[in-house]
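Note sheet for the following structure.
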Amino acid sequence: MIIRSGTEGNLTMTPREEILGRMKTAEKGKAPFRPSMPPLTELALDGEQMIQRFTLELSNQTGVVHRTSGKDEVLSLLTEIASREGLKTVITAGDDVIHSLDLGAWGAAVGVKVIATKNIKDRETLREEAFTADAGITSADFAIAETGTIGMIFNEHQPRLTSIAPPIHIAIIPVERLYPIYESAIERVFKNVDDAPSQFCFITGPSSTADIQAVQFKGMHGPTKMIVIFIMGQA
Amino acid sequence: MEAQSNWFRETANRELKNELSQLFLSLLPPGFTILRQIAMSSFPDPTSAVEHARSIRAEVVERMPQLLEEFEKNAVSHGAKVLWARDARETTAMILDIAKQRGINYVAKGKSMVTEEVGLNKYLAMNGIEVFETDLGEVITQQLSLPPFHIVGPAINVSPEEISAVFLKKGIIKEPTTNPIELGKAVRAYLREKFWHLDMGIVGVNMAVAETGTIINVENEGNIRLVKSSPRAVVAVMSLEKVVPTMADAIHMVRVLCRNCTGQKMSSYVSMDTGPRKFKELDGPDELFIIIVDNGRSEIYRDRQTREVLRCIRCGACLNTCPVYAKIGGYPYGFAYSGPMGQVLTPLLVGIGETSDLYRACTLCRACKLVCPAGVDHPSLLLLYRSREIEHRDGNGQSLLRRLEKVATFLASLGMSNGHVWNLGAKIMRLVLRRLAHDGYITHMPLRAKAWTDCRDLPSIPNRTFHERWKDLKGSDYTFGNRR
């Protein structure tokens with residue numbers, strides 16, 4: 001172990017003062033120049049191209065992308081997924097996109113137990129439900145065409161575990177939230193730094209690893225499958 | 001972590017004879033390099049993307065103390081607790097304190113190189129706190145007490161048989177299996193309970209954004225997200241150089257990091273935490289500690305030449321392109337950091353006097369420098385360490401070797417400034433070398449020259465030089481003119 005004696009500095013100085021002081025009194029270098037970059041080509045994509053790009057990129061990560069016209073199609077798609085994957089319990093969270101689907105009624109009709117995080121009061125209950133659910137159904141704040149990525153702001157309506165603990169993550173996203181590049185999301189999320197969410201996350205496909213013999217597989221610690229359902233605009 | 005760089009030669013020789021290591025080394029670095037090139041080509045202009053990344057890292061190095069203060073201010077204003085640690089002892093004691101005060105029995109860790117550097121796992125275990133590594137590769141290296149073979153895939157070379165055996169012993173699997181996917185899924189099942197009931201998580205930091213006070217983690221497995229979401233307390237450990245100026249810079253560095261690290265355009269998860277959970281939020285930590293670790297870096301920073309080491313973003317591209325790493329793998333480097341990035345960083349952390357083999361195990365081919373997205377000039381740094389070591393040695397009196405070196409350089413300069421002396425010297429050398437040759441090869445040389453032939457044979461010297469033959473040819477009618 002490397003042990004550097006703190007006593008070589010002034011004993012009355014805090015580590016912070018000592019570390020910063022040592023760096024600040026160091027000889028200064030010259031100011032670096034930042035060369036500009038050509039803009040990312042994704043910025044030129046139109047709406048349909050963005051969906052195609054998103055679908056291609058997420059499919060490369062074994063993710064599945066659906067397009068739906070609205071509530072009815074979303075629900076029938078969920079029914080199909082539930083029966084194919086044998087879902088018994090799902091945990092749901094999100095904004096109005098999720099609320100307007102009335103997933104409680106859907107679950108009752110198709111025989112899937114639906115746990116809405118808005119009815120959960122504490123961490124212990126949330127953990128138990130999230131770690132035992134067969135799937136998490138969430139909204140997402142952004143979809144990013146660049147790499148088939150979704151962006152999620154975590155807050156009181158959207159706990160973190162719903163999208164990472166269950167083995168399947170289903171994200172339902174209005175297509176208006178589809179943007180070309182990461183910056184489109186970042187600029188909005190961090191526009192006012194004081195209101196920055198406690199966590200923001202870019203998610204690209206299911207969890208994965210290749211740590212043993214470089215054999216790649218999906219579903220390491222997070223979801224094994226990821227499904228994105230776009231709700232298309234009225235146009 | 002104990003630095004074991006003094007075992008470099010011994011371990012390197014052993015690894016050269018390890019067939020499994022050699023097999024992986026023949027596949028892995030070239031594979032990563034190809035994936036990296038494909039991924040980089042998705043930038044409209046890969047060169048300018050790299051140059052932009054390098055200029056970001058240059059700015060970080062230039063403005064490091066100011067950026068760290070800005071980061072601290074913004075992280076604290078969002079409710080994070082920022083702590084500073086001078087060295088390994090302070091870092092580990094601090095984390096133990098946090099755990100003890102909260103009555104923690106076990107912690108789960110996301111991959112973090114700096115916690116390896118400060119020997120955190122050993123320290124916590126000694127003090128009664130069980131540590132669960134959660135990155136699949138780290139789970140394996142932890143169970144087998146192995147150093148990392150590669151900074152990105154620390155156990156990528158370990159045979160499934162070996163993993164199966166240790167997993168059986170530790171009860172992670174019930175039946176032996178050599179299927180990598182089954183082994184991985186067994187670890188998933190084994191750690192799930194730990195994530196679920198976790199009270200304290202420890203993670204590293206890929207980037208700390210000064211303008212927002214945000215910490216960013218880049219990962220594929222989801223273990224870091226779980227470690228940052230489930231428990232009441234999260235401790236994020238970062239070394240000084242993780243800071244970046246703005247969120248825009250961070251996003252560009254994420255693009256560059258993923259492409260250079262695993263050849264992905266984007267990792268599965270890039271999570272950005274700004275402070276602990278807010279009122280009414282169901283998960284995320286009640287307390288977010290961010291420990292800023294120095295451990296020798298502010299001293300490295302004081303020297304304008306060594307400061308450049310702090311550009312490194314730990315992507316591992318230099319390992320994959322290094323011809324030395326491609327023969328010996330990660331074990332000989334004997335520390336948390338391997339390959340060229342380890343060769344430039346470890347000597348500064350551990351001491352130039354103790355790590356001579358590290359900065360000498362380099363052909364100065366510059367492949368690492370060319371590929372580095374952070375703009376680290378490894379060859380220049382290695383030369384700097386070599387010269388500093390020589391200066392240091394000279395200060396400690398005149399050894400026999402030093403005197404011989406002086407005689408040799410005197411003779412060389414004499415020869416190089418006079419053609420006749422040079423030719424005479426060359427003639428004598430040819431005589432000596434011819435005497436050493438057998439069957440057209442020189443396989444052994446005496447004294448210190450032995451190292452040259454330890455691992456390779458030299459072709460023997462022809463009887464006559466080009467000049468001598470040319471003289472004869474000029475006497476004949478063989479000239480360029482009439483050859484046509």
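FYI, nothing fancy with the structure tokens labels: chains A, B, ... in order, residues from 1 per chain, ligands from 1 as they appear.
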
For region 79-81 of chain A, work out the shell of residues within 12 Å, counting only C-alpha atoms and skipping chain neighbours fewer than 2 positions away, then give it as an MDAnalysis selection string.
chainID A and resid 64 66 72:77 83:88 90 103 106:112 134:135 137 168:170 225:229

Need to verify the contact set: Thr147 (chain A), 10 Å, only C-alpha atoms, exclusion of same-chain residues closer than 5 positions in sequence. Can you return it as a ChimeraX atom specification?
/A:42,53-58,60-61,180-182,203-205 /B:264-267

Nearest to chain B, chosen from A:Val97, A:Asn155, A:Ala185, A:Asp195, with only C-alpha atoms counted in the distances:
A:Asn155

Can you work out which one of A:Leu78, A:Ile91, A:Ala196, A:Ile144 has the shortest atom-to-atom distance to chain B, counting only C-alpha atoms?
A:Ala196

Closest atom pairs, residues of region 1-86 of chain A within 12 Å of region 68-77 of chain B, only C-alpha atoms, as CSV:
```
residue,atom,partner,partner_atom,distance
A:Arg16,CA,B:Glu69,CA,9.7
A:Glu17,CA,B:Glu69,CA,10.7
A:Ile19,CA,B:Leu68,CA,10.5
A:Leu20,CA,B:Glu69,CA,8.4
A:Gly21,CA,B:Glu69,CA,11.4
A:Met23,CA,B:Leu68,CA,10.7
A:Lys24,CA,B:Glu69,CA,11.2
```

Please save C-alpha atoms of the selected residues as a PDB file, in the first residue's frame.
```
ATOM      1  CA  ARG A  16      -8.263  20.135   1.135  1.00  0.00           C
ATOM      2  CA  GLU A  17      -6.131  23.228   1.721  1.00  0.00           C
ATOM      3  CA  ILE A  19      -3.935  19.488  -1.854  1.00  0.00           C
ATOM      4  CA  LEU A  20      -5.360  22.585  -3.534  1.00  0.00           C
ATOM      5  CA  GLY A  21      -2.542  24.756  -2.210  1.00  0.00           C
ATOM      6  CA  MET A  23      -1.553  22.574  -7.061  1.00  0.00           C
ATOM      7  CA  LYS A  24      -2.275  26.295  -7.048  1.00  0.00           C
TER       8      LYS A  24
END
```

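One finds CA of Met429 (chain B) at 13.3 Å from CA of Ile442 (chain B).
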
At most 6 Å to chain B: residues in chain A, only C-alpha atoms, as a VMD selection string:
chain A and resid 1 3 to 4 15 to 16 19 to 20 23 26 32 34 to 35 37 122 to 123 155 to 156 159 193 198 to 205 207 to 209 211 to 213 220 to 222

Restricted to N, CA and C atoms, what would the selected residues look like written as a compact mmCIF listing (two decimals), in the first residue's frame?
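In the end it all went to part29.txt:
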```
# COMPACT_ATOMS: atom_id res chain seq x y z
N MET A 1 0.85 -1.19 0.00
CA MET A 1 0.00 0.00 0.00
C MET A 1 0.88 1.24 0.00
N ILE A 3 1.62 4.64 1.25
CA ILE A 3 1.22 5.57 2.30
C ILE A 3 2.10 6.80 2.21
N ARG A 4 1.48 7.90 1.98
CA ARG A 4 2.22 9.15 1.94
C ARG A 4 1.93 9.87 3.23
N PRO A 15 -6.64 18.58 4.68
CA PRO A 15 -6.21 17.93 3.43
C PRO A 15 -6.60 18.77 2.21
N ARG A 16 -7.78 19.34 2.26
CA ARG A 16 -8.26 20.14 1.13
C ARG A 16 -7.33 21.31 0.84
N ILE A 19 -3.92 20.00 -0.48
CA ILE A 19 -3.93 19.49 -1.85
C ILE A 19 -4.10 20.63 -2.85
N LEU A 20 -5.12 21.48 -2.61
CA LEU A 20 -5.36 22.58 -3.53
C LEU A 20 -4.19 23.57 -3.53
N MET A 23 -1.31 22.45 -5.62
CA MET A 23 -1.55 22.57 -7.06
C MET A 23 -1.56 24.03 -7.50
N ALA A 26 1.77 25.65 -8.03
CA ALA A 26 2.62 25.02 -9.04
C ALA A 26 2.79 25.95 -10.24
N PRO A 32 -4.56 25.92 -23.19
CA PRO A 32 -4.73 25.07 -24.36
C PRO A 32 -5.72 25.66 -25.35
N ARG A 34 -8.70 25.02 -28.08
CA ARG A 34 -9.73 24.03 -28.40
C ARG A 34 -10.07 24.06 -29.87
N PRO A 35 -9.63 23.09 -30.65
CA PRO A 35 -10.03 23.10 -32.05
C PRO A 35 -11.53 22.80 -32.16
N MET A 37 -15.01 21.29 -33.89
CA MET A 37 -15.32 19.99 -34.50
C MET A 37 -16.44 20.16 -35.51
N ASP A 122 -42.12 3.77 0.89
CA ASP A 122 -40.76 3.76 1.44
C ASP A 122 -39.80 2.90 0.60
N ARG A 123 -38.53 3.09 0.89
CA ARG A 123 -37.47 2.40 0.16
C ARG A 123 -37.58 0.87 0.25
N ASN A 155 -36.88 10.90 -10.34
CA ASN A 155 -37.43 11.82 -9.34
C ASN A 155 -38.54 11.10 -8.57
N GLU A 156 -39.38 11.85 -7.88
CA GLU A 156 -40.38 11.18 -7.02
C GLU A 156 -41.39 10.37 -7.85
N PRO A 159 -38.81 6.35 -9.76
CA PRO A 159 -37.69 5.81 -8.98
C PRO A 159 -36.67 5.16 -9.90
N VAL A 193 -29.08 24.61 -13.51
CA VAL A 193 -28.28 23.68 -12.71
C VAL A 193 -28.91 23.43 -11.34
N SER A 198 -31.55 14.40 -9.17
CA SER A 198 -30.57 13.67 -8.36
C SER A 198 -29.86 12.64 -9.22
N GLN A 199 -30.58 12.06 -10.18
CA GLN A 199 -29.89 11.22 -11.16
C GLN A 199 -30.56 11.33 -12.53
N PHE A 200 -29.72 11.42 -13.54
CA PHE A 200 -30.18 11.33 -14.92
C PHE A 200 -29.39 10.20 -15.56
N CYS A 201 -30.05 9.41 -16.38
CA CYS A 201 -29.34 8.25 -16.92
C CYS A 201 -29.64 8.04 -18.40
N PHE A 202 -28.59 7.79 -19.16
CA PHE A 202 -28.73 7.33 -20.54
C PHE A 202 -28.70 5.81 -20.52
N ILE A 203 -29.69 5.20 -21.14
CA ILE A 203 -29.78 3.74 -21.17
C ILE A 203 -29.76 3.29 -22.63
N THR A 204 -28.85 2.41 -22.95
CA THR A 204 -28.74 1.93 -24.33
C THR A 204 -28.78 0.40 -24.32
N GLY A 205 -29.97 -0.14 -24.48
CA GLY A 205 -30.11 -1.59 -24.52
C GLY A 205 -30.10 -2.20 -23.13
N SER A 207 -28.65 -4.61 -19.94
CA SER A 207 -27.32 -4.68 -19.32
C SER A 207 -26.53 -5.79 -20.00
N SER A 208 -25.21 -5.67 -20.02
CA SER A 208 -24.43 -6.65 -20.77
C SER A 208 -23.03 -6.78 -20.18
N THR A 209 -22.35 -7.83 -20.58
CA THR A 209 -20.97 -8.02 -20.15
C THR A 209 -20.26 -8.92 -21.16
N ASP A 211 -17.09 -10.22 -19.77
CA ASP A 211 -15.94 -10.33 -18.87
C ASP A 211 -15.33 -11.73 -18.75
N ILE A 212 -16.07 -12.77 -19.16
CA ILE A 212 -15.49 -14.10 -19.13
C ILE A 212 -15.20 -14.53 -20.57
N GLN A 213 -13.93 -14.71 -20.88
CA GLN A 213 -13.50 -15.19 -22.19
C GLN A 213 -14.03 -14.33 -23.34
N MET A 220 -26.68 -8.95 -17.41
CA MET A 220 -25.73 -9.22 -16.34
C MET A 220 -26.40 -8.89 -15.01
N HIS A 221 -26.39 -7.63 -14.57
CA HIS A 221 -27.05 -7.32 -13.30
C HIS A 221 -28.38 -6.60 -13.52
N GLY A 222 -28.52 -5.95 -14.65
CA GLY A 222 -29.77 -5.23 -14.95
C GLY A 222 -30.64 -6.06 -15.87
```

Please return, as a PyMOL selection string, all residues of region 100-187 of chain A that DSSP assigns to alpha helix (DSSP H) on the basis of the backbone.
chain A and resi 103-110+123-132+182-187

What does the file look like for those residues with N, CA and C atoms, as a JSON list (two decimals), in the first residue's frame?
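Wrote it out as out.json, contents follow:
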```json
[["chain", "number", "residue", "atom", "x", "y", "z"],
["A", 103, "LEU", "N", -52.76, 1.40, -16.29],
["A", 103, "LEU", "CA", -52.21, 0.04, -16.33],
["A", 103, "LEU", "C", -52.83, -0.86, -15.26],
["A", 104, "GLY", "N", -53.33, -0.25, -14.18],
["A", 104, "GLY", "CA", -54.00, -1.04, -13.14],
["A", 104, "GLY", "C", -55.18, -1.80, -13.72],
["A", 105, "ALA", "N", -56.00, -1.08, -14.48],
["A", 105, "ALA", "CA", -57.17, -1.70, -15.10],
["A", 105, "ALA", "C", -56.74, -2.75, -16.13],
["A", 106, "TRP", "N", -55.70, -2.40, -16.89],
["A", 106, "TRP", "CA", -55.17, -3.36, -17.89],
["A", 106, "TRP", "C", -54.74, -4.65, -17.22],
["A", 107, "GLY", "N", -53.98, -4.53, -16.12],
["A", 107, "GLY", "CA", -53.48, -5.70, -15.41],
["A", 107, "GLY", "C", -54.62, -6.56, -14.89],
["A", 108, "ALA", "N", -55.62, -5.89, -14.32],
["A", 108, "ALA", "CA", -56.76, -6.63, -13.77],
["A", 108, "ALA", "C", -57.45, -7.43, -14.88],
["A", 109, "ALA", "N", -57.52, -6.83, -16.08],
["A", 109, "ALA", "CA", -58.21, -7.49, -17.19],
["A", 109, "ALA", "C", -57.42, -8.67, -17.74],
["A", 110, "VAL", "N", -56.08, -8.54, -17.78],
["A", 110, "VAL", "CA", -55.29, -9.62, -18.40],
["A", 110, "VAL", "C", -54.61, -10.54, -17.38],
["A", 123, "ARG", "N", -38.53, 3.09, 0.89],
["A", 123, "ARG", "CA", -37.47, 2.40, 0.16],
["A", 123, "ARG", "C", -37.58, 0.87, 0.25],
["A", 124, "GLU", "N", -37.86, 0.38, 1.47],
["A", 124, "GLU", "CA", -37.90, -1.08, 1.66],
["A", 124, "GLU", "C", -38.94, -1.73, 0.76],
["A", 125, "THR", "N", -40.12, -1.14, 0.73],
["A", 125, "THR", "CA", -41.20, -1.70, -0.11],
["A", 125, "THR", "C", -40.83, -1.62, -1.58],
["A", 126, "LEU", "N", -40.29, -0.47, -1.96],
["A", 126, "LEU", "CA", -39.90, -0.31, -3.36],
["A", 126, "LEU", "C", -38.87, -1.37, -3.75],
["A", 127, "ARG", "N", -37.88, -1.57, -2.88],
["A", 127, "ARG", "CA", -36.83, -2.55, -3.20],
["A", 127, "ARG", "C", -37.42, -3.94, -3.35],
["A", 128, "GLU", "N", -38.30, -4.29, -2.42],
["A", 128, "GLU", "CA", -38.89, -5.62, -2.49],
["A", 128, "GLU", "C", -39.67, -5.81, -3.79],
["A", 129, "GLU", "N", -40.47, -4.81, -4.14],
["A", 129, "GLU", "CA", -41.29, -4.92, -5.35],
["A", 129, "GLU", "C", -40.41, -4.90, -6.61],
["A", 130, "ALA", "N", -39.40, -4.02, -6.63],
["A", 130, "ALA", "CA", -38.58, -3.88, -7.83],
["A", 130, "ALA", "C", -37.72, -5.13, -8.06],
["A", 131, "PHE", "N", -37.19, -5.69, -6.97],
["A", 131, "PHE", "CA", -36.31, -6.85, -7.13],
["A", 131, "PHE", "C", -37.08, -8.16, -7.37],
["A", 132, "THR", "N", -38.41, -8.13, -7.18],
["A", 132, "THR", "CA", -39.16, -9.37, -7.41],
["A", 132, "THR", "C", -40.08, -9.28, -8.63],
["A", 182, "TYR", "N", -27.23, 13.28, -27.84],
["A", 182, "TYR", "CA", -27.26, 13.37, -26.37],
["A", 182, "TYR", "C", -27.43, 14.81, -25.89],
["A", 183, "GLU", "N", -26.74, 15.72, -26.60],
["A", 183, "GLU", "CA", -26.78, 17.12, -26.16],
["A", 183, "GLU", "C", -28.21, 17.65, -26.10],
["A", 184, "SER", "N", -29.08, 17.14, -27.01],
["A", 184, "SER", "CA", -30.47, 17.61, -27.02],
["A", 184, "SER", "C", -31.10, 17.37, -25.65],
["A", 185, "ALA", "N", -30.77, 16.24, -25.03],
["A", 185, "ALA", "CA", -31.32, 15.93, -23.70],
["A", 185, "ALA", "C", -30.58, 16.69, -22.62],
["A", 186, "ILE", "N", -29.25, 16.65, -22.69],
["A", 186, "ILE", "CA", -28.43, 17.26, -21.63],
["A", 186, "ILE", "C", -28.74, 18.76, -21.47],
["A", 187, "GLU", "N", -28.88, 19.45, -22.62],
["A", 187, "GLU", "CA", -29.15, 20.89, -22.55],
["A", 187, "GLU", "C", -30.45, 21.16, -21.80]]
```

So that I can see what lies close to Ile51 (chain A), please list as a PyMOL selection string the residues with an atom at most 10 Å from it, counting only C-alpha atoms and leaving out residues fewer than 5 positions away in the same chain.
chain A and resi 45-46+56-57+65+67+143-145+148+175+178-180+230

Interatomic distance (Å, one decimal) between CA of Leu431 (chain B) and CA of Arg464 (chain B)
10.7 Å

Near-Gln158 (chain A) list (10 Å; only C-alpha atoms; drop same-chain fewer than 5 positions) as a ChimeraX atom specification
/A:92-95,117-118,138-140,152-153,163 /B:281-283

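Proximity ranking of B:Ala361, B:Cys315, B:Leu257, B:Ile352 relative to Arg388 (chain B) places B:Ile352 first, based on only C-alpha atoms.
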